[in-house]
Amino acid sequence: MADGGGNVVDGAVPALEARGVRRAFGTVQAVSNATLTLQPGSVTALIGPNGCGKTTLMLMLAGLLAPDAGTISVSGHDPAVDGPAARSRVGWMPDSLGTWDSLTCAETIVTFARAYGVPADVASTRAFALLDRVHLAELANQPARVLSRGQKQRLSLARALVHEPHVLVLDEPASGLDPRSRVELRELVRAFAAEGGAVLISSHVLSELDEMVDDAVFMSKGVTLGDSADALVAAARQRWRVAARPGADLHGALSALARDWSPAEADDASQALVQVTDEDDAADLLTAIVSQGLRVSTFGPVGSALEQVYLTMEEDRR
Amino acid sequence: MTITQEQRTRTSVHGNPWLPSLHGTGLVMRIELLRRRPSTKGYIAYGLTFLAIIGLGVLVAVLAGSDKTSIPLELVLVLVLGVGFLIGPSLSATSINGDSGEGVLAPLQMTRLTAGDLALGKLLASWAVSIAALVTTTPFLIYAYGRSGWTLTELLLVLAVILFLVLMATAIGLAWSAIAARAVASVSLAHLTSGALILGSLLLFAFTAPLVSEEVTVIHVQRDSENVTDEQWNDPDFDYEALPCVEVEVPYQIMHSDRTAWLLLINPAVVIAEVSPIVNPETFEKDGRAAPGIFALIHSEVSGARLGPEEPQVYDECAGYFGDEDAWQKRNMEKALMPPAPWLGLGLAAVLLVGSVVIVIRRLRVPYKTLRAGSRVA
């Protein structure tokens, strides 16, 4: 995508891959077994409680921290062997904000472009395009110290994009962003994936991730949960909430239709959670219920699938 | 796959390079200098300081006599060294752990910049700022040089050595900031290291004196007056010359300072004195020089230490020999004119400079294998 490295040529090469990655800090085992694969053109969420090793894993994926064991490959480059090649393919946005207070936004981005080896003239055009994209163009000539937290976050995002990376690793990018900026972040991430890039994003706002990601990796106590969590997400995505007007016997209707359902609120027979296989199946179900004379007021997927899975996971905040 | 493989080998930089490049070092230096650019208030403060120094220089020039003296120049040079040793390490000692704490180091490590670029860029930027502070002493330096009796080459040589020593101190500060997690610790350690070089070496020289001292006995020949009574002394006919000659053993303390003189030679202030011109205390006027100043005195004392203990004076009363009366004079000349020995100090400075840069580069290389205790990557 960016520098003709030629790694997205073959769809079989994952944009980012980690296998059995492990890392300890002294006696604290921050990441004990992490495995994940990011395909080009996809957005993947990294979800887990505080202290489960997300940031440490992201640092290793970005090529800043060496794993104690396991392998990492960025478009086929191992950060431990091919440091610059791997790192320059990753756009990394850290959770801790760092800006040079007395440099202006434009200077900051141009400097980073230059540090990535972008020629001076290209660097300045690209800087203004990026600042425009994250809506900081008006502040381009203001020193970074006047920026608010959300604006700094956007500057940090522009910085992560300056070298046209193949992979974006975003650590809590939405924290501190106002609702408008969150929507724009989502659009930006989707656009990046649509252009063939891969994105790994961590956030605690799970409902937001739901609309943004293609895939999710759950992490708990330093371990990535693989297929078991995927199955839970898939099941959660197939769970729909149906509510008819009070007094209606929805439970009876669902049983008559031979549906897999469970009561939603205590003993109220007018509300239920139903398993559906896909959107067509859901449409069929709605037609069937309505044709039985029930007046349906709510019909849709249950809240955030990611949130449901997250909450069913073991409590392990530390 | 084979195509990808080939392209990879062709386009990517293999391994994990750390060597600095001109572009990378220049860029890091630019960032550091831009970050430190003063505000308007800062410019006003610097301007006022500069004016004050010029004023002081003019005042001193007007009030002082016109005879040659190298002391003002030497004082300025000592000041330059002292200020450099304070400013350079102060700036560099917060450069790495400070950036790491502010979260601006890791994003740079992600780029194509190598550990060498970051290390050298930061080192040279801190050094440049301390040099800029020294530029403010220029007016006074020019005046002092005018009456010092030094040649321009001599002055430039000493200035170059001072800047080199300041670069070393700055590099030590940078190394501490790469090692210590907290800025307070690294700044203190940087100044302690400078202090150890400047004051510690002198103290160590003084404290080790007893270890290299020994008692020797010299044999003097004198008339045996031990048994002469008071009456005899008072007797005007008493013939002192008739007393027999005896050998007397006299204990004598000598210090083998030549064994510890290297402690003095590693001192940065001594290095400066050792590269400054040699002044002949007898012919300086004819040579077109000022009278021996501070540096000449330091050189002479250090040379004395290097020469070691003087030959004990032996005298023979019966032969009418009371020691070499010119010995003191000779020794003084020997001390003043002894060839300078700056190489030990300069060599140590070079080792410390290179060693510090190596430490910094090793510490800045990513992916990190070990982290500074108590620090985060970002």
# chains A, B, ... in the order shown; residues from 1 in each chain; ligands from 1
>>> select_by_dssp(residues="range 58-234 of chain A", states="strand (DSSP E)", output="PyMOL selection string")
chain A and resi 69-74+90-93+167-171+198-202+215-220+223-225
>>> interface_residues(of="chain A", to="chain B", cutoff="7 Å", atoms="only C-alpha atoms", output="PyMOL selection string")
chain A and resi 5-7+63-66+80-85+87-88+94+96-100+102-103+115-117
>>> atom_distance(atom1="CA of Val216 in chain B", atom2="CA of Gln253 in chain B")
6.3 Å
>>> residues_around(residues="range 152-166 of chain A", least_positions_apart="3", cutoff="7 Å", atoms="only C-alpha atoms", output="VMD selection string")
chain A and resid 1 to 2 88 to 93 97 109 112 to 113 116 130 to 131 134 147 to 149 173 197 to 198
>>> write_last_selection(atoms="N, CA and C atoms", output="PDB file, in the first residue's frame")
ATOM      1  N   MET A   1       0.814  -1.197   0.000  1.00  0.00           N
ATOM      2  CA  MET A   1       0.000   0.000   0.000  1.00  0.00           C
ATOM      3  C   MET A   1       0.854   1.256   0.000  1.00  0.00           C
ATOM      4  N   ALA A   2       1.770   1.316   0.900  1.00  0.00           N
ATOM      5  CA  ALA A   2       2.485   2.569   1.075  1.00  0.00           C
ATOM      6  C   ALA A   2       3.751   2.667   0.251  1.00  0.00           C
ATOM      7  N   SER A  88       8.040   0.319  10.263  1.00  0.00           N
ATOM      8  CA  SER A  88       7.562   1.346   9.345  1.00  0.00           C
ATOM      9  C   SER A  88       6.278   0.926   8.636  1.00  0.00           C
ATOM     10  N   ARG A  89       5.843  -0.309   8.834  1.00  0.00           N
ATOM     11  CA  ARG A  89       4.563  -0.741   8.259  1.00  0.00           C
ATOM     12  C   ARG A  89       3.428  -0.597   9.254  1.00  0.00           C
ATOM     13  N   VAL A  90       3.781  -0.223  10.480  1.00  0.00           N
ATOM     14  CA  VAL A  90       2.770  -0.114  11.528  1.00  0.00           C
ATOM     15  C   VAL A  90       2.548   1.351  11.882  1.00  0.00           C
ATOM     16  N   GLY A  91       1.291   1.752  11.930  1.00  0.00           N
ATOM     17  CA  GLY A  91       0.952   3.064  12.460  1.00  0.00           C
ATOM     18  C   GLY A  91       0.474   2.844  13.881  1.00  0.00           C
ATOM     19  N   TRP A  92       1.222   3.350  14.841  1.00  0.00           N
ATOM     20  CA  TRP A  92       0.925   3.037  16.241  1.00  0.00           C
ATOM     21  C   TRP A  92       0.455   4.280  16.956  1.00  0.00           C
ATOM     22  N   MET A  93      -0.665   4.157  17.628  1.00  0.00           N
ATOM     23  CA  MET A  93      -1.185   5.277  18.404  1.00  0.00           C
ATOM     24  C   MET A  93      -1.218   4.841  19.852  1.00  0.00           C
ATOM     25  N   LEU A  97      -0.684  10.079  25.752  1.00  0.00           N
ATOM     26  CA  LEU A  97      -0.497  11.120  24.754  1.00  0.00           C
ATOM     27  C   LEU A  97       0.861  11.750  24.908  1.00  0.00           C
ATOM     28  N   ILE A 109       3.682  16.939  12.595  1.00  0.00           N
ATOM     29  CA  ILE A 109       3.408  15.915  11.590  1.00  0.00           C
ATOM     30  C   ILE A 109       4.504  15.890  10.524  1.00  0.00           C
ATOM     31  N   PHE A 112       7.507  14.100  11.865  1.00  0.00           N
ATOM     32  CA  PHE A 112       7.366  12.640  11.860  1.00  0.00           C
ATOM     33  C   PHE A 112       7.480  12.068  10.457  1.00  0.00           C
ATOM     34  N   ALA A 113       6.906  12.793   9.494  1.00  0.00           N
ATOM     35  CA  ALA A 113       7.025  12.328   8.115  1.00  0.00           C
ATOM     36  C   ALA A 113       8.491  12.266   7.710  1.00  0.00           C
ATOM     37  N   TYR A 116      10.290   9.402   9.046  1.00  0.00           N
ATOM     38  CA  TYR A 116      10.007   8.164   8.323  1.00  0.00           C
ATOM     39  C   TYR A 116      10.657   8.187   6.943  1.00  0.00           C
ATOM     40  N   LEU A 130      -3.513  15.387   6.187  1.00  0.00           N
ATOM     41  CA  LEU A 130      -3.859  14.593   7.367  1.00  0.00           C
ATOM     42  C   LEU A 130      -4.524  15.450   8.442  1.00  0.00           C
ATOM     43  N   LEU A 131      -3.985  16.648   8.655  1.00  0.00           N
ATOM     44  CA  LEU A 131      -4.576  17.534   9.665  1.00  0.00           C
ATOM     45  C   LEU A 131      -6.001  17.882   9.266  1.00  0.00           C
ATOM     46  N   VAL A 134      -8.260  14.919  10.127  1.00  0.00           N
ATOM     47  CA  VAL A 134      -8.640  14.794  11.545  1.00  0.00           C
ATOM     48  C   VAL A 134      -9.181  16.120  12.098  1.00  0.00           C
ATOM     49  N   LEU A 147      -3.711  22.455  22.555  1.00  0.00           N
ATOM     50  CA  LEU A 147      -4.722  21.471  22.179  1.00  0.00           C
ATOM     51  C   LEU A 147      -5.392  20.853  23.402  1.00  0.00           C
ATOM     52  N   SER A 148      -6.664  20.515  23.241  1.00  0.00           N
ATOM     53  CA  SER A 148      -7.361  19.794  24.296  1.00  0.00           C
ATOM     54  C   SER A 148      -6.985  18.323  24.185  1.00  0.00           C
ATOM     55  N   ARG A 149      -7.427  17.537  25.154  1.00  0.00           N
ATOM     56  CA  ARG A 149      -7.079  16.127  25.157  1.00  0.00           C
ATOM     57  C   ARG A 149      -7.553  15.423  23.890  1.00  0.00           C
ATOM     58  N   PRO A 173      -8.071   4.617  21.185  1.00  0.00           N
ATOM     59  CA  PRO A 173      -8.070   5.869  20.414  1.00  0.00           C
ATOM     60  C   PRO A 173      -9.274   6.740  20.712  1.00  0.00           C
ATOM     61  N   GLY A 197      -5.987  -1.717   4.338  1.00  0.00           N
ATOM     62  CA  GLY A 197      -5.193  -1.764   5.560  1.00  0.00           C
ATOM     63  C   GLY A 197      -5.837  -2.645   6.613  1.00  0.00           C
ATOM     64  N   ALA A 198      -5.074  -3.033   7.606  1.00  0.00           N
ATOM     65  CA  ALA A 198      -5.614  -3.818   8.715  1.00  0.00           C
ATOM     66  C   ALA A 198      -5.546  -2.965   9.973  1.00  0.00           C
TER      67      ALA A 198
END
>>> select_by_dssp(residues="range 306-370 of chain B", states="helix (DSSP H, G or I)", output="PyMOL selection string")
chain B and resi 306-307+327-337+343-364
>>> write_last_selection(atoms="N, CA and C atoms", output="compact mmCIF listing (two decimals), in the first residue's frame")
# COMPACT_ATOMS: atom_id res chain seq x y z
N ARG B 306 54.06 15.47 39.42
CA ARG B 306 54.51 14.43 38.49
C ARG B 306 55.99 14.11 38.70
N LEU B 307 56.78 15.14 39.05
CA LEU B 307 58.21 14.93 39.24
C LEU B 307 58.49 14.08 40.48
N ALA B 327 68.90 24.85 44.21
CA ALA B 327 67.98 23.72 43.99
C ALA B 327 66.54 24.19 43.83
N TRP B 328 66.11 25.08 44.72
CA TRP B 328 64.72 25.54 44.70
C TRP B 328 64.40 26.22 43.36
N GLN B 329 65.33 27.10 42.99
CA GLN B 329 65.19 27.84 41.74
C GLN B 329 65.12 26.88 40.55
N LYS B 330 66.04 25.90 40.57
CA LYS B 330 66.11 24.93 39.47
C LYS B 330 64.82 24.15 39.37
N ARG B 331 64.36 23.70 40.53
CA ARG B 331 63.14 22.91 40.59
C ARG B 331 61.96 23.72 40.04
N ASN B 332 61.91 24.99 40.43
CA ASN B 332 60.83 25.84 39.95
C ASN B 332 60.84 25.95 38.44
N MET B 333 61.98 26.11 37.88
CA MET B 333 62.10 26.21 36.43
C MET B 333 61.69 24.89 35.77
N GLU B 334 62.15 23.81 36.41
CA GLU B 334 61.84 22.50 35.85
C GLU B 334 60.33 22.28 35.83
N LYS B 335 59.68 22.69 36.95
CA LYS B 335 58.22 22.54 37.06
C LYS B 335 57.50 23.38 36.01
N ALA B 336 57.95 24.64 35.88
CA ALA B 336 57.25 25.55 34.97
C ALA B 336 57.41 25.13 33.51
N LEU B 337 58.57 24.59 33.20
CA LEU B 337 58.86 24.30 31.79
C LEU B 337 58.63 22.85 31.42
N TRP B 343 47.28 14.39 27.71
CA TRP B 343 46.74 13.23 27.00
C TRP B 343 45.97 12.27 27.87
N LEU B 344 46.40 12.11 29.10
CA LEU B 344 45.67 11.20 29.99
C LEU B 344 44.24 11.68 30.19
N GLY B 345 44.13 12.98 30.51
CA GLY B 345 42.81 13.57 30.73
C GLY B 345 41.96 13.52 29.47
N LEU B 346 42.57 13.87 28.34
CA LEU B 346 41.82 13.86 27.08
C LEU B 346 41.42 12.44 26.72
N GLY B 347 42.32 11.48 26.98
CA GLY B 347 42.02 10.08 26.68
C GLY B 347 40.85 9.59 27.51
N LEU B 348 40.88 9.92 28.80
CA LEU B 348 39.77 9.50 29.67
C LEU B 348 38.47 10.12 29.20
N ALA B 349 38.55 11.42 28.82
CA ALA B 349 37.35 12.10 28.33
C ALA B 349 36.80 11.39 27.09
N ALA B 350 37.70 11.00 26.20
CA ALA B 350 37.26 10.32 24.98
C ALA B 350 36.61 8.99 25.32
N VAL B 351 37.20 8.25 26.28
CA VAL B 351 36.63 6.96 26.68
C VAL B 351 35.25 7.16 27.29
N LEU B 352 35.13 8.16 28.17
CA LEU B 352 33.83 8.42 28.81
C LEU B 352 32.79 8.85 27.78
N LEU B 353 33.23 9.66 26.81
CA LEU B 353 32.32 10.13 25.77
C LEU B 353 31.81 8.96 24.94
N VAL B 354 32.74 8.17 24.45
CA VAL B 354 32.34 7.04 23.59
C VAL B 354 31.51 6.03 24.41
N GLY B 355 31.98 5.75 25.63
CA GLY B 355 31.26 4.80 26.49
C GLY B 355 29.83 5.27 26.75
N SER B 356 29.67 6.56 27.02
CA SER B 356 28.33 7.09 27.29
C SER B 356 27.43 6.93 26.07
N VAL B 357 27.98 7.28 24.91
CA VAL B 357 27.16 7.19 23.68
C VAL B 357 26.77 5.72 23.43
N VAL B 358 27.70 4.81 23.69
CA VAL B 358 27.39 3.38 23.50
C VAL B 358 26.25 2.96 24.43
N ILE B 359 26.35 3.39 25.70
CA ILE B 359 25.28 3.05 26.66
C ILE B 359 23.94 3.58 26.15
N VAL B 360 23.95 4.86 25.71
CA VAL B 360 22.69 5.48 25.27
C VAL B 360 22.12 4.71 24.07
N ILE B 361 22.98 4.39 23.11
CA ILE B 361 22.48 3.69 21.92
C ILE B 361 21.91 2.34 22.30
N ARG B 362 22.62 1.61 23.16
CA ARG B 362 22.12 0.30 23.58
C ARG B 362 20.77 0.41 24.26
N ARG B 363 20.63 1.49 25.06
CA ARG B 363 19.39 1.66 25.81
C ARG B 363 18.23 2.11 24.94
N LEU B 364 18.54 2.71 23.78
CA LEU B 364 17.47 3.26 22.95
C LEU B 364 17.02 2.29 21.86
>>> residues_around(residues="Leu297 in chain B", least_positions_apart="6", cutoff="12 Å", atoms="only C-alpha atoms", output="compact mmCIF listing (two decimals) with C-alpha atoms, in the first residue's frame")
# COMPACT_ATOMS: atom_id res chain seq x y z
CA SER B 70 46.46 36.42 31.40
CA ILE B 71 44.37 36.13 34.55
CA GLU B 74 41.93 32.37 32.42
CA VAL B 270 43.99 20.53 34.89
CA ALA B 273 45.76 24.25 32.16
CA GLU B 274 47.90 21.59 30.51
CA SER B 276 47.36 26.32 27.72
CA PRO B 277 50.71 27.88 26.79
CA ILE B 278 53.81 27.31 28.90
CA VAL B 279 55.10 30.52 30.46
CA ASN B 280 58.77 30.84 31.30
CA PRO B 281 58.85 32.59 34.68
CA ALA B 291 53.49 36.96 33.94
CA SER B 303 54.36 19.11 37.21
CA GLY B 304 55.78 19.17 40.72
CA ASN B 332 60.83 25.84 39.95
CA MET B 333 62.10 26.21 36.43
CA LYS B 335 58.22 22.54 37.06
CA ALA B 336 57.25 25.55 34.97
CA LEU B 337 58.86 24.30 31.79
>>> residues_around(residues="Leu59 in chain B", least_positions_apart="6", cutoff="12 Å", atoms="only C-alpha atoms", output="CSV table (one decimal) with N, CA and C atoms, in the first residue's frame")
chain,number,residue,atom,x,y,z
B,52,ALA,N,24.2,42.9,29.9
B,52,ALA,CA,24.9,43.0,31.1
B,52,ALA,C,26.3,42.6,31.0
B,53,ILE,N,26.5,41.5,30.3
B,53,ILE,CA,27.9,40.9,30.2
B,53,ILE,C,28.8,41.9,29.4
B,65,GLY,N,44.2,48.3,34.1
B,65,GLY,CA,45.4,48.9,33.5
B,65,GLY,C,45.6,48.2,32.1
B,139,PRO,N,32.1,38.8,24.4
B,139,PRO,CA,32.7,40.1,24.4
B,139,PRO,C,33.9,40.2,25.5
B,140,PHE,N,33.6,39.6,26.6
B,140,PHE,CA,34.6,39.6,27.7
B,140,PHE,C,35.8,38.8,27.3
B,143,TYR,N,38.0,40.8,24.9
B,143,TYR,CA,38.8,41.8,25.7
B,143,TYR,C,40.0,41.1,26.5
>>> residues_around(residues="Ser175 in chain A", least_positions_apart="5", cutoff="9 Å", atoms="only C-alpha atoms", output="PyMOL selection string")
chain A and resi 95+149-150+153+182+203-205
>>> write_last_selection(atoms="N, CA and C atoms", output="compact mmCIF listing (two decimals), in the first residue's frame")
# COMPACT_ATOMS: atom_id res chain seq x y z
N ASP A 95 -1.58 4.80 24.07
CA ASP A 95 -2.65 5.25 24.97
C ASP A 95 -2.23 6.50 25.73
N ARG A 149 -7.43 17.54 25.15
CA ARG A 149 -7.08 16.13 25.16
C ARG A 149 -7.55 15.42 23.89
N GLY A 150 -8.80 15.71 23.51
CA GLY A 150 -9.35 15.09 22.31
C GLY A 150 -8.61 15.52 21.04
N GLN A 153 -5.43 13.76 20.85
CA GLN A 153 -5.69 12.40 20.43
C GLN A 153 -5.79 12.34 18.89
N ARG A 182 -15.76 10.73 17.59
CA ARG A 182 -15.83 9.27 17.64
C ARG A 182 -16.40 8.71 16.35
N SER A 203 -10.49 -0.75 22.99
CA SER A 203 -11.36 0.28 23.55
C SER A 203 -12.19 -0.35 24.63
N HIS A 204 -12.68 0.51 25.53
CA HIS A 204 -13.60 0.00 26.54
C HIS A 204 -15.04 0.34 26.20
N VAL A 205 -15.19 1.16 25.15
CA VAL A 205 -16.55 1.48 24.73
C VAL A 205 -16.97 0.40 23.73
>>> closest_residue(among="B:Gly200, B:Pro210, B:Gly293, B:Pro268", to="Val161 in chain B", atoms="only C-alpha atoms")
B:Pro268
>>> residues_around(residues="Leu294 in chain A", least_positions_apart="5", cutoff="10 Å", atoms="only C-alpha atoms", output="PyMOL selection string")
chain A and resi 243-245+247-250+253+270+286+288-289
>>> write_last_selection(atoms="N, CA and C atoms", output="PDB file, in the first residue's frame")
ATOM      1  N   ALA A 243     -40.262  -7.762  21.461  1.00  0.00           N
ATOM      2  CA  ALA A 243     -41.235  -7.333  22.464  1.00  0.00           C
ATOM      3  C   ALA A 243     -42.548  -7.022  21.764  1.00  0.00           C
ATOM      4  N   ALA A 244     -43.601  -7.644  22.256  1.00  0.00           N
ATOM      5  CA  ALA A 244     -44.934  -7.344  21.730  1.00  0.00           C
ATOM      6  C   ALA A 244     -45.629  -6.441  22.732  1.00  0.00           C
ATOM      7  N   ARG A 245     -46.807  -5.945  22.391  1.00  0.00           N
ATOM      8  CA  ARG A 245     -47.532  -5.081  23.329  1.00  0.00           C
ATOM      9  C   ARG A 245     -47.887  -5.891  24.555  1.00  0.00           C
ATOM     10  N   GLY A 247     -49.473  -8.032  27.416  1.00  0.00           N
ATOM     11  CA  GLY A 247     -50.634  -8.911  27.406  1.00  0.00           C
ATOM     12  C   GLY A 247     -50.583  -9.975  26.333  1.00  0.00           C
ATOM     13  N   ALA A 248     -49.780  -9.730  25.303  1.00  0.00           N
ATOM     14  CA  ALA A 248     -49.714 -10.708  24.208  1.00  0.00           C
ATOM     15  C   ALA A 248     -48.916 -11.929  24.650  1.00  0.00           C
ATOM     16  N   ASP A 249     -49.251 -13.078  24.123  1.00  0.00           N
ATOM     17  CA  ASP A 249     -48.534 -14.297  24.497  1.00  0.00           C
ATOM     18  C   ASP A 249     -47.456 -14.598  23.465  1.00  0.00           C
ATOM     19  N   LEU A 250     -46.371 -13.852  23.555  1.00  0.00           N
ATOM     20  CA  LEU A 250     -45.267 -14.027  22.614  1.00  0.00           C
ATOM     21  C   LEU A 250     -44.600 -15.378  22.827  1.00  0.00           C
ATOM     22  N   ALA A 253     -46.403 -17.998  21.077  1.00  0.00           N
ATOM     23  CA  ALA A 253     -46.240 -17.894  19.624  1.00  0.00           C
ATOM     24  C   ALA A 253     -44.900 -18.461  19.194  1.00  0.00           C
ATOM     25  N   SER A 270     -44.796 -11.264  27.136  1.00  0.00           N
ATOM     26  CA  SER A 270     -44.813 -10.484  25.897  1.00  0.00           C
ATOM     27  C   SER A 270     -43.408 -10.149  25.394  1.00  0.00           C
ATOM     28  N   LEU A 286     -40.124 -12.321  11.945  1.00  0.00           N
ATOM     29  CA  LEU A 286     -41.002 -11.185  12.210  1.00  0.00           C
ATOM     30  C   LEU A 286     -42.326 -11.336  11.460  1.00  0.00           C
ATOM     31  N   ALA A 288     -43.734 -14.064  10.529  1.00  0.00           N
ATOM     32  CA  ALA A 288     -44.503 -15.150  11.147  1.00  0.00           C
ATOM     33  C   ALA A 288     -45.218 -14.666  12.397  1.00  0.00           C
ATOM     34  N   ILE A 289     -44.472 -13.911  13.243  1.00  0.00           N
ATOM     35  CA  ILE A 289     -45.075 -13.449  14.498  1.00  0.00           C
ATOM     36  C   ILE A 289     -46.236 -12.502  14.202  1.00  0.00           C
TER      37      ILE A 289
END
>>> atom_distance(atom1="CA of Gly76 in chain A", atom2="CA of Leu188 in chain A")
25.3 Å
>>> atom_distance(atom1="CA of Gly53 in chain A", atom2="CA of Val13 in chain A")
25.7 Å
>>> decode(residues="range 11-59 of chain B", atoms="C-alpha atoms", output="compact mmCIF listing (two decimals), in the first residue's frame")
# COMPACT_ATOMS: atom_id res chain seq x y z
CA THR B 11 13.43 -3.30 -0.45
CA SER B 12 13.76 -3.65 3.28
CA VAL B 13 16.63 -2.88 5.57
CA HIS B 14 17.69 -6.11 7.18
CA GLY B 15 18.67 -6.44 10.77
CA ASN B 16 18.15 -3.73 13.33
CA PRO B 17 20.50 -0.90 12.38
CA TRP B 18 21.64 1.52 15.04
CA LEU B 19 24.25 3.58 13.20
CA PRO B 20 23.48 7.28 13.11
CA SER B 21 22.98 9.04 9.79
CA LEU B 22 23.51 12.69 8.98
CA HIS B 23 19.84 13.22 8.09
CA GLY B 24 18.55 11.40 11.17
CA THR B 25 20.92 13.09 13.60
CA GLY B 26 20.15 16.47 12.07
CA LEU B 27 16.41 15.88 12.35
CA VAL B 28 16.58 14.85 16.01
CA MET B 29 18.80 17.83 16.74
CA ARG B 30 16.29 20.10 15.01
CA ILE B 31 13.42 18.68 17.05
CA GLU B 32 15.33 19.17 20.30
CA LEU B 33 16.30 22.74 19.44
CA LEU B 34 12.79 23.64 18.27
CA ARG B 35 11.37 22.27 21.50
CA ARG B 36 13.70 24.45 23.50
CA ARG B 37 13.19 27.62 21.51
CA PRO B 38 12.66 30.37 24.03
CA SER B 39 9.46 32.35 24.39
CA THR B 40 9.42 36.14 23.97
CA LYS B 41 10.12 36.51 27.68
CA GLY B 42 13.06 34.16 27.28
CA TYR B 43 14.50 36.24 24.45
CA ILE B 44 14.18 39.39 26.55
CA ALA B 45 15.93 37.71 29.48
CA TYR B 46 18.75 36.46 27.27
CA GLY B 47 19.08 39.86 25.63
CA LEU B 48 19.39 41.58 29.01
CA THR B 49 21.96 39.04 30.20
CA PHE B 50 23.98 39.59 27.05
CA LEU B 51 23.86 43.37 27.51
CA ALA B 52 24.89 43.03 31.15
CA ILE B 53 27.89 40.93 30.16
CA ILE B 54 28.93 43.42 27.48
CA GLY B 55 28.54 46.23 30.01
CA LEU B 56 30.65 44.38 32.53
CA GLY B 57 33.27 43.70 29.88
CA VAL B 58 33.45 47.39 28.91
CA LEU B 59 33.61 48.44 32.56
